[in-house]
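Source file: model.pdb (PDB, C-alpha atoms)
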ATOM      1  CA  MET A   1      21.369 -13.849 -14.186
ATOM      2  CA  ASP A   2      22.951 -10.493 -13.293
ATOM      3  CA  ARG A   3      26.678  -9.830 -13.701
ATOM      4  CA  PHE A   4      27.277 -10.332  -9.979
ATOM      5  CA  GLY A   5      25.776 -13.812 -10.206
ATOM      6  CA  ASP A   6      27.846 -14.584 -13.297
ATOM      7  CA  VAL A   7      31.099 -13.656 -11.539
ATOM      8  CA  GLU A   8      30.003 -15.596  -8.459
ATOM      9  CA  ALA A   9      29.440 -18.677 -10.625
ATOM     10  CA  PHE A  10      32.862 -18.274 -12.279
ATOM     11  CA  LEU A  11      34.649 -18.077  -8.922
ATOM     12  CA  ALA A  12      32.813 -21.160  -7.645
ATOM     13  CA  ILE A  13      33.779 -23.117 -10.777
ATOM     14  CA  VAL A  14      37.461 -22.263 -10.369
ATOM     15  CA  GLU A  15      37.453 -23.046  -6.649
ATOM     16  CA  ARG A  16      35.338 -26.230  -6.840
ATOM     17  CA  GLY A  17      37.002 -27.664  -9.953
ATOM     18  CA  ASN A  18      33.906 -28.405 -12.040
ATOM     19  CA  LEU A  19      30.490 -27.026 -12.883
ATOM     20  CA  SER A  20      28.516 -29.638 -10.971
ATOM     21  CA  ALA A  21      30.299 -28.934  -7.689
ATOM     22  CA  ALA A  22      29.927 -25.202  -8.256
ATOM     23  CA  ALA A  23      26.183 -25.631  -8.861
ATOM     24  CA  ARG A  24      25.761 -27.606  -5.637
ATOM     25  CA  HIS A  25      27.739 -24.998  -3.690
ATOM     26  CA  LEU A  26      25.643 -22.122  -5.021
ATOM     27  CA  GLY A  27      22.348 -23.980  -4.776
ATOM     28  CA  ARG A  28      21.689 -23.437  -8.475
ATOM     29  CA  SER A  29      21.078 -25.798 -11.356
ATOM     30  CA  LEU A  30      23.931 -27.008 -13.540
ATOM     31  CA  GLN A  31      22.315 -25.335 -16.539
ATOM     32  CA  ALA A  32      22.113 -21.999 -14.725
ATOM     33  CA  VAL A  33      25.799 -22.122 -13.755
ATOM     34  CA  SER A  34      26.760 -23.049 -17.315
ATOM     35  CA  ARG A  35      24.725 -20.135 -18.688
ATOM     36  CA  SER A  36      26.351 -17.726 -16.212
ATOM     37  CA  LEU A  37      29.843 -18.816 -17.299
ATOM     38  CA  ALA A  38      28.956 -18.477 -20.977
ATOM     39  CA  ALA A  39      27.444 -15.045 -20.376
ATOM     40  CA  LEU A  40      30.541 -13.854 -18.516
ATOM     41  CA  GLU A  41      32.889 -15.138 -21.218
ATOM     42  CA  GLY A  42      30.743 -13.453 -23.835
ATOM     43  CA  SER A  43      30.925 -10.231 -21.882
ATOM     44  CA  VAL A  44      34.722 -10.173 -21.455
ATOM     45  CA  GLY A  45      35.311 -11.608 -24.955
ATOM     46  CA  VAL A  46      37.670 -14.421 -23.995
ATOM     47  CA  GLU A  47      37.485 -18.008 -22.745
ATOM     48  CA  LEU A  48      37.958 -18.068 -18.988
ATOM     49  CA  VAL A  49      37.543 -21.761 -18.211
ATOM     50  CA  HIS A  50      38.674 -24.804 -20.157
ATOM     51  CA  ARG A  51      36.006 -27.474 -19.748
ATOM     52  CA  THR A  52      36.372 -31.244 -19.953
ATOM     53  CA  THR A  53      33.909 -33.953 -19.045
ATOM     54  CA  HIS A  54      34.847 -34.017 -15.371
ATOM     55  CA  LYS A  55      37.024 -30.955 -14.796
ATOM     56  CA  ALA A  56      36.993 -27.228 -15.334
ATOM     57  CA  GLN A  57      40.291 -25.379 -15.162
ATOM     58  CA  PRO A  58      40.883 -21.682 -15.636
ATOM     59  CA  THR A  59      42.726 -20.559 -18.728
ATOM     60  CA  GLU A  60      45.633 -18.165 -18.330
ATOM     61  CA  ALA A  61      43.267 -15.269 -18.928
ATOM     62  CA  GLY A  62      40.780 -16.884 -16.567
ATOM     63  CA  TYR A  63      43.335 -17.240 -13.784
ATOM     64  CA  ASP A  64      44.348 -13.567 -14.104
ATOM     65  CA  PHE A  65      40.693 -12.586 -14.108
ATOM     66  CA  TYR A  66      40.095 -14.698 -10.981
ATOM     67  CA  GLN A  67      42.944 -12.991  -9.114
ATOM     68  CA  ARG A  68      41.473  -9.563  -9.895
ATOM     69  CA  VAL A  69      37.794 -10.159  -9.252
ATOM     70  CA  LYS A  70      38.015 -12.362  -6.136
ATOM     71  CA  PRO A  71      38.950  -9.485  -3.756
ATOM     72  CA  ALA A  72      36.444  -7.202  -5.454
ATOM     73  CA  LEU A  73      33.649  -9.724  -4.989
ATOM     74  CA  LEU A  74      34.495 -10.130  -1.301
ATOM     75  CA  GLU A  75      34.285  -6.340  -0.900
ATOM     76  CA  ILE A  76      30.872  -6.319  -2.583
ATOM     77  CA  VAL A  77      29.599  -9.141  -0.379
ATOM     78  CA  GLU A  78      30.831  -7.382   2.750
ATOM     79  CA  ALA A  79      29.256  -4.105   1.622
ATOM     80  CA  ARG A  80      25.931  -5.862   1.066
ATOM     81  CA  ILE A  81      26.047  -7.407   4.523
ATOM     82  CA  GLN A  82      26.846  -4.066   6.160
ATOM     83  CA  ALA A  83      24.080  -2.321   4.231
ATOM     84  CA  GLY A  84      21.624  -5.052   5.200
ATOM     85  CA  ASN A  85      22.597  -4.829   8.862
ATOM     86  CA  ARG A  86      22.190  -1.080   8.816
ATOM     87  CA  SER A  87      18.746  -1.428   7.261
ATOM     88  CA  ALA A  88      17.710  -4.077   9.778
ATOM     89  CA  GLU A  89      19.085  -2.331  12.871
ATOM     90  CA  PRO A  90      18.508   1.444  13.065
ATOM     91  CA  THR A  91      21.362   3.446  14.573
ATOM     92  CA  GLY A  92      22.101   7.101  15.183
ATOM     93  CA  LEU A  93      19.927   9.944  16.469
ATOM     94  CA  LEU A  94      16.175  10.176  15.799
ATOM     95  CA  ARG A  95      14.654  13.602  16.523
ATOM     96  CA  ILE A  96      10.913  13.536  17.257
ATOM     97  CA  GLY A  97       8.531  16.409  17.925
ATOM     98  CA  GLY A  98       5.097  16.266  19.532
ATOM     99  CA  PRO A  99       2.469  18.172  21.539
ATOM    100  CA  GLU A 100       3.196  18.825  25.212
ATOM    101  CA  LEU A 101       0.126  17.064  26.598
ATOM    102  CA  LEU A 102       0.659  14.036  24.368
ATOM    103  CA  GLY A 103       4.217  13.495  25.556
ATOM    104  CA  PRO A 104       4.185  12.276  29.178
ATOM    105  CA  SER A 105       1.306   9.803  29.050
ATOM    106  CA  TYR A 106       1.457   8.592  25.468
ATOM    107  CA  LEU A 107       4.627   9.370  23.548
ATOM    108  CA  ILE A 108       7.087   8.542  26.322
ATOM    109  CA  PRO A 109       5.825   4.946  26.801
ATOM    110  CA  ILE A 110       5.836   4.379  23.025
ATOM    111  CA  VAL A 111       9.312   5.836  22.619
ATOM    112  CA  ALA A 112      10.518   3.695  25.526
ATOM    113  CA  ARG A 113       9.300   0.521  23.802
ATOM    114  CA  PHE A 114      10.796   1.673  20.508
ATOM    115  CA  MET A 115      14.189   2.270  22.127
ATOM    116  CA  GLU A 116      14.042  -1.134  23.787
ATOM    117  CA  MET A 117      13.467  -2.694  20.361
ATOM    118  CA  HIS A 118      16.382  -0.743  18.855
ATOM    119  CA  PRO A 119      19.151  -0.453  21.481
ATOM    120  CA  LYS A 120      21.555   1.280  19.085
ATOM    121  CA  LEU A 121      19.164   4.150  18.465
ATOM    122  CA  GLU A 122      19.286   7.460  20.350
ATOM    123  CA  VAL A 123      16.095   9.539  20.586
ATOM    124  CA  GLU A 124      15.639  13.258  21.152
ATOM    125  CA  LEU A 125      12.007  14.143  21.959
ATOM    126  CA  SER A 126      10.983  17.788  21.688
ATOM    127  CA  LEU A 127       7.542  18.714  23.059
ATOM    128  CA  SER A 128       5.854  21.902  21.940
ATOM    129  CA  ASN A 129       2.341  23.024  21.060
ATOM    130  CA  ARG A 130       3.681  25.065  18.142
ATOM    131  CA  PHE A 131       3.408  23.759  14.587
ATOM    132  CA  VAL A 132       7.152  23.920  14.062
ATOM    133  CA  ASP A 133       9.027  23.741  10.780
ATOM    134  CA  LEU A 134      10.518  20.241  10.781
ATOM    135  CA  ALA A 135      13.486  21.117   8.598
ATOM    136  CA  GLN A 136      14.260  24.320  10.504
ATOM    137  CA  GLU A 137      14.021  22.542  13.863
ATOM    138  CA  GLY A 138      16.045  19.565  12.607
ATOM    139  CA  LEU A 139      13.249  17.069  13.325
ATOM    140  CA  ASP A 140      12.986  13.713  11.580
ATOM    141  CA  LEU A 141       9.395  13.132  12.627
ATOM    142  CA  ALA A 142       6.584  15.065  14.292
ATOM    143  CA  ILE A 143       3.297  13.933  15.796
ATOM    144  CA  ARG A 144       0.665  16.586  15.174
ATOM    145  CA  ILE A 145      -2.988  17.130  16.001
ATOM    146  CA  GLY A 146      -5.073  18.979  13.439
ATOM    147  CA  GLU A 147      -5.236  19.415   9.703
ATOM    148  CA  LEU A 148      -1.926  19.388   7.834
ATOM    149  CA  ALA A 149      -1.651  22.357   5.509
ATOM    150  CA  ASP A 150      -0.378  21.771   1.984
ATOM    151  CA  SER A 151       3.363  21.237   2.202
ATOM    152  CA  ASP A 152       6.176  19.008   1.031
ATOM    153  CA  LEU A 153       5.915  16.938   4.209
ATOM    154  CA  LYS A 154       5.173  13.242   4.005
ATOM    155  CA  ALA A 155       2.300  12.479   6.384
ATOM    156  CA  ARG A 156       0.413   9.476   7.684
ATOM    157  CA  ARG A 157      -2.862   9.773   9.552
ATOM    158  CA  LEU A 158      -2.731   7.722  12.747
ATOM    159  CA  GLY A 159      -6.243   8.298  14.029
ATOM    160  CA  VAL A 160      -9.039  10.763  14.714
ATOM    161  CA  MET A 161      -9.908  12.391  17.994
ATOM    162  CA  ARG A 162     -13.150  12.037  19.894
ATOM    163  CA  ARG A 163     -14.084  15.341  21.507
ATOM    164  CA  VAL A 164     -16.200  15.098  24.638
ATOM    165  CA  VAL A 165     -18.034  17.381  27.041
ATOM    166  CA  PHE A 166     -17.126  16.696  30.654
ATOM    167  CA  GLY A 167     -17.552  17.986  34.179
ATOM    168  CA  ALA A 168     -16.948  17.105  37.812
ATOM    169  CA  PRO A 169     -19.601  15.353  39.927
ATOM    170  CA  SER A 170     -19.327  18.239  42.393
ATOM    171  CA  TYR A 171     -20.343  20.729  39.690
ATOM    172  CA  PHE A 172     -23.261  18.598  38.528
ATOM    173  CA  GLY A 173     -24.363  18.221  42.141
ATOM    174  CA  LYS A 174     -24.622  22.000  42.547
ATOM    175  CA  HIS A 175     -25.789  23.106  39.095
ATOM    176  CA  GLY A 176     -27.417  20.072  37.527
ATOM    177  CA  ARG A 177     -26.418  17.914  34.578
ATOM    178  CA  PRO A 178     -27.207  19.204  31.078
ATOM    179  CA  ARG A 179     -29.333  16.781  29.056
ATOM    180  CA  HIS A 180     -29.147  18.702  25.774
ATOM    181  CA  PRO A 181     -26.348  20.847  24.284
ATOM    182  CA  ARG A 182     -28.574  23.946  24.297
ATOM    183  CA  GLU A 183     -28.729  23.743  28.096
ATOM    184  CA  LEU A 184     -24.999  24.572  28.179
ATOM    185  CA  ALA A 185     -25.934  28.217  27.692
ATOM    186  CA  GLU A 186     -27.149  28.167  31.297
ATOM    187  CA  HIS A 187     -23.863  26.751  32.655
ATOM    188  CA  GLN A 188     -20.342  27.906  33.322
ATOM    189  CA  CYS A 189     -18.232  26.595  30.446
ATOM    190  CA  ILE A 190     -14.469  26.602  30.502
ATOM    191  CA  PHE A 191     -12.347  26.788  27.374
ATOM    192  CA  ARG A 192      -9.149  28.329  26.093
ATOM    193  CA  ASN A 193      -9.507  31.571  24.195
ATOM    194  CA  THR A 194      -7.186  30.116  21.550
ATOM    195  CA  ASP A 195      -9.428  27.084  20.851
ATOM    196  CA  ARG A 196     -10.877  26.911  17.356
ATOM    197  CA  ASP A 197     -14.377  26.496  18.773
ATOM    198  CA  ALA A 198     -13.997  28.944  21.658
ATOM    199  CA  GLY A 199     -17.455  30.265  22.522
ATOM    200  CA  ALA A 200     -19.267  27.990  20.058
ATOM    201  CA  TRP A 201     -19.192  24.240  20.647
ATOM    202  CA  GLN A 202     -20.097  21.913  17.814
ATOM    203  CA  PHE A 203     -22.464  18.943  18.157
ATOM    204  CA  GLN A 204     -24.704  16.770  16.034
ATOM    205  CA  GLU A 205     -28.431  16.141  16.430
ATOM    206  CA  GLY A 206     -30.413  13.869  14.149
ATOM    207  CA  GLY A 207     -27.491  13.632  11.747
ATOM    208  CA  LYS A 208     -27.320  17.419  11.362
ATOM    209  CA  PRO A 209     -24.661  19.781  12.773
ATOM    210  CA  LEU A 210     -25.607  21.800  15.824
ATOM    211  CA  SER A 211     -23.636  24.833  17.054
ATOM    212  CA  VAL A 212     -24.190  26.022  20.619
ATOM    213  CA  LYS A 213     -22.912  29.307  22.041
ATOM    214  CA  VAL A 214     -21.268  28.896  25.427
ATOM    215  CA  GLY A 215     -19.652  31.205  27.926
ATOM    216  CA  GLY A 216     -18.273  31.423  31.429
ATOM    217  CA  ARG A 217     -16.536  33.631  33.966
ATOM    218  CA  LEU A 218     -13.161  31.857  33.811
ATOM    219  CA  HIS A 219     -10.872  32.372  30.823
ATOM    220  CA  LEU A 220      -7.634  30.406  30.401
ATOM    221  CA  ASP A 221      -4.883  30.023  27.854
ATOM    222  CA  ASN A 222      -3.554  26.642  28.991
ATOM    223  CA  ALA A 223      -5.102  23.215  28.412
ATOM    224  CA  ALA A 224      -3.815  21.611  31.610
ATOM    225  CA  ALA A 225      -5.143  24.518  33.663
ATOM    226  CA  SER A 226      -8.580  24.262  32.051
ATOM    227  CA  HIS A 227      -8.701  20.541  32.814
ATOM    228  CA  ALA A 228      -7.808  21.231  36.435
ATOM    229  CA  ALA A 229     -10.468  23.928  36.665
ATOM    230  CA  VAL A 230     -13.141  21.544  35.430
ATOM    231  CA  ALA A 231     -11.904  18.783  37.753
ATOM    232  CA  ILE A 232     -12.417  20.925  40.859
ATOM    233  CA  GLY A 233     -15.937  21.923  39.814
ATOM    234  CA  LEU A 234     -15.539  25.392  38.306
ATOM    235  CA  GLY A 235     -17.423  24.545  35.133
ATOM    236  CA  ILE A 236     -17.895  22.285  32.126
ATOM    237  CA  GLY A 237     -15.240  21.654  29.487
ATOM    238  CA  ARG A 238     -14.975  20.176  25.988
ATOM    239  CA  VAL A 239     -11.715  18.604  24.856
ATOM    240  CA  PRO A 240     -10.327  15.546  23.031
ATOM    241  CA  LEU A 241     -10.934  12.524  25.241
ATOM    242  CA  TRP A 242      -7.275  11.473  25.343
ATOM    243  CA  GLN A 243      -6.389  14.679  27.195
ATOM    244  CA  ILE A 244      -8.579  13.799  30.177
ATOM    245  CA  GLN A 245      -8.625   9.996  29.967
ATOM    246  CA  ASP A 246      -6.885   9.681  33.341
ATOM    247  CA  LEU A 247      -9.484  11.956  34.964
ATOM    248  CA  VAL A 248     -12.300   9.895  33.458
ATOM    249  CA  ASP A 249     -10.717   6.603  34.541
ATOM    250  CA  SER A 250     -10.341   7.866  38.108
ATOM    251  CA  ASN A 251     -13.967   9.115  38.154
ATOM    252  CA  THR A 252     -12.716  12.644  38.833
ATOM    253  CA  VAL A 253     -14.820  13.872  35.902
ATOM    254  CA  GLU A 254     -17.737  12.443  33.938
ATOM    255  CA  VAL A 255     -18.421  12.593  30.197
ATOM    256  CA  ILE A 256     -21.882  13.939  29.271
ATOM    257  CA  LEU A 257     -23.946  14.555  26.128
ATOM    258  CA  GLU A 258     -22.375  11.547  24.391
ATOM    259  CA  GLY A 259     -25.400  11.134  22.133
ATOM    260  CA  PHE A 260     -24.736  14.550  20.593
ATOM    261  CA  GLU A 261     -21.046  14.188  19.835
ATOM    262  CA  GLN A 262     -19.805  14.919  16.339
ATOM    263  CA  PRO A 263     -18.596  11.855  14.434
ATOM    264  CA  ALA A 264     -14.860  11.535  14.996
ATOM    265  CA  ASN A 265     -14.096  11.659  11.272
ATOM    266  CA  SER A 266     -15.783  15.082  10.966
ATOM    267  CA  SER A 267     -13.712  16.667  13.712
ATOM    268  CA  PRO A 268     -10.755  18.870  12.755
ATOM    269  CA  HIS A 269      -8.690  17.116  15.410
ATOM    270  CA  ARG A 270      -6.785  14.258  13.800
ATOM    271  CA  LEU A 271      -3.630  12.560  14.987
ATOM    272  CA  ALA A 272      -0.942  12.337  12.304
ATOM    273  CA  SER A 273       2.779  11.812  11.924
ATOM    274  CA  SER A 274       4.658  14.093   9.548
ATOM    275  CA  SER A 275       8.190  13.842   8.254
ATOM    276  CA  PRO A 276      10.320  15.351   5.495
ATOM    277  CA  ALA A 277       9.629  13.587   2.200
ATOM    278  CA  THR A 278      13.114  12.090   2.202
ATOM    279  CA  ARG A 279      12.455  10.203   5.444
ATOM    280  CA  LYS A 280      10.817   6.815   5.817
ATOM    281  CA  ASP A 281       7.364   6.497   7.327
ATOM    282  CA  THR A 282       7.217   5.811  11.032
ATOM    283  CA  THR A 283       4.151   4.247  12.566
ATOM    284  CA  PHE A 284       3.203   4.775  16.212
ATOM    285  CA  HIS A 285       0.679   2.805  18.216
ATOM    286  CA  ARG A 286      -2.956   3.811  18.357
ATOM    287  CA  LEU A 287      -3.682   6.020  21.356
ATOM    288  CA  PRO A 288      -6.481   5.477  23.858
ATOM    289  CA  GLY A 289      -9.298   7.936  23.148
ATOM    290  CA  SER A 290      -8.617   7.979  19.408
ATOM    291  CA  GLN A 291     -10.370   5.924  16.793
ATOM    292  CA  SER A 292      -8.362   3.962  14.304
ATOM    293  CA  ALA A 293      -8.183   5.208  10.755
ATOM    294  CA  HIS A 294      -6.661   3.977   7.550
ATOM    295  CA  SER A 295      -3.092   5.238   7.278
ATOM    296  CA  LYS A 296      -2.302   7.436   4.332
ATOM    297  CA  SER A 297       0.750   9.309   3.222
ATOM    298  CA  GLY A 298       1.258  12.098   0.774
ATOM    299  CA  THR A 299       2.748  15.491   0.256
TER     300      THR A 299
END

How does the structure come out when it is put into structure tokens?
Amino acid sequence: MDRFGDVEAFLAIVERGNLSAAARHLGRSLQAVSRSLAALEGSVGVELVHRTTHKAQPTEAGYDFYQRVKPALLEIVEARIQAGNRSAEPTGLLRIGGPELLGPSYLIPIVARFMEMHPKLEVELSLSNRFVDLAQEGLDLAIRIGELADSDLKARRLGVMRRVVFGAPSYFGKHGRPRHPRELAEHQCIFRNTDRDAGAWQFQEGGKPLSVKVGGRLHLDNAAASHAAVAIGLGIGRVPLWQIQDLVDSNTVEVILEGFEQPANSSPHRLASSSPATRKDTTFHRLPGSQSAHSKSGT
């Protein structure tokens, strides 16, 4: 038994008048209470309780010891309760960062549920497409899409992104529907100049990677604008499915070439949460359009 338990047993013996009553009060065996008292007396080097067959009374030294340790024990118990309550009920300000497009449709509903679960918690959500420095920006947690470079951040992979090729029915009605990725070379393709695969879209055919050069007359630097351009029939796009899920659900656009998509786990677009190594892991819900993956954390 630890020293705290030994002192607790001693106080119960003094207050209950004998070892048996103390054992019942603490929910411990008589032998365990007796061992705790003996251990405490051995530690302080003096007899604290005078035992008889039916009674246990504190000695003079024991009474003095009782008067000193009783308030201290109450303080320890109260501190434990407060620490436990703090651990069980998060309070304070939680600063979260995430991509702009992910925020309105996905992060906001999740954060709303999280705040409902923890009414004492205040949340500050910062949306940016930059890979910001968490410590410099004062963030506790960031949701990121892409590969995490080597750093001292603690990260957990939340899922992998399915990238799809899509277009509007109006475009397909005028220009036809590609049946093979190589046919994209004959179509207007819309992409951001800052995309990693700008001008060369990656597919898979027969289990082997396939790279197809694409081009178009419209060049954009904004994801939302490129989605809108595809939706009104200006061309064909290729993005993570979650970004256009609402357009797919409303039949505004259609996904094509599904049989040539890269496996999700080979795509560089992965959804992960990152936090400073001193912070606890935070798990968010799986997002529509992402495939579940085993969580992992590391530096």

With the file shown as input, list the residues that the PyMOL selection byres ((chain A and resi 36) around 9) selects, as a tab-separated table (two decimals) with C-alpha atoms, in the coordinates of the input.
chain	number	residue	atom	x	y	z
A	1	MET	CA	21.37	-13.85	-14.19
A	2	ASP	CA	22.95	-10.49	-13.29
A	3	ARG	CA	26.68	-9.83	-13.70
A	5	GLY	CA	25.78	-13.81	-10.21
A	6	ASP	CA	27.85	-14.58	-13.30
A	7	VAL	CA	31.10	-13.66	-11.54
A	8	GLU	CA	30.00	-15.60	-8.46
A	9	ALA	CA	29.44	-18.68	-10.62
A	10	PHE	CA	32.86	-18.27	-12.28
A	31	GLN	CA	22.32	-25.34	-16.54
A	32	ALA	CA	22.11	-22.00	-14.72
A	33	VAL	CA	25.80	-22.12	-13.76
A	34	SER	CA	26.76	-23.05	-17.32
A	35	ARG	CA	24.72	-20.14	-18.69
A	37	LEU	CA	29.84	-18.82	-17.30
A	38	ALA	CA	28.96	-18.48	-20.98
A	39	ALA	CA	27.44	-15.04	-20.38
A	40	LEU	CA	30.54	-13.85	-18.52
A	41	GLU	CA	32.89	-15.14	-21.22

- request: Name the residues captured by the PyMOL selection byres ((chain A and resi 126) around 7) when it is applied to the shown file; answer as a count of residues only.
  value: 7

query: Restricting the calculation to only C-alpha atoms, which member of A:Ser105, A:Gln204, A:Asn18, A:Gln136 is positioned closest to Gln57 in chain A?
result: A:Asn18

field: Explicit residue set for the PyMOL selection byres ((chain A and resi 235) around 7), as a count of residues only
entry: 10

query: Pick the closest to Gln245 in chain A from A:Gln67, A:Pro263, A:Thr59, A:Leu102: which is it, counting only C-alpha atoms?
result: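 Closest candidate: A:Leu102.
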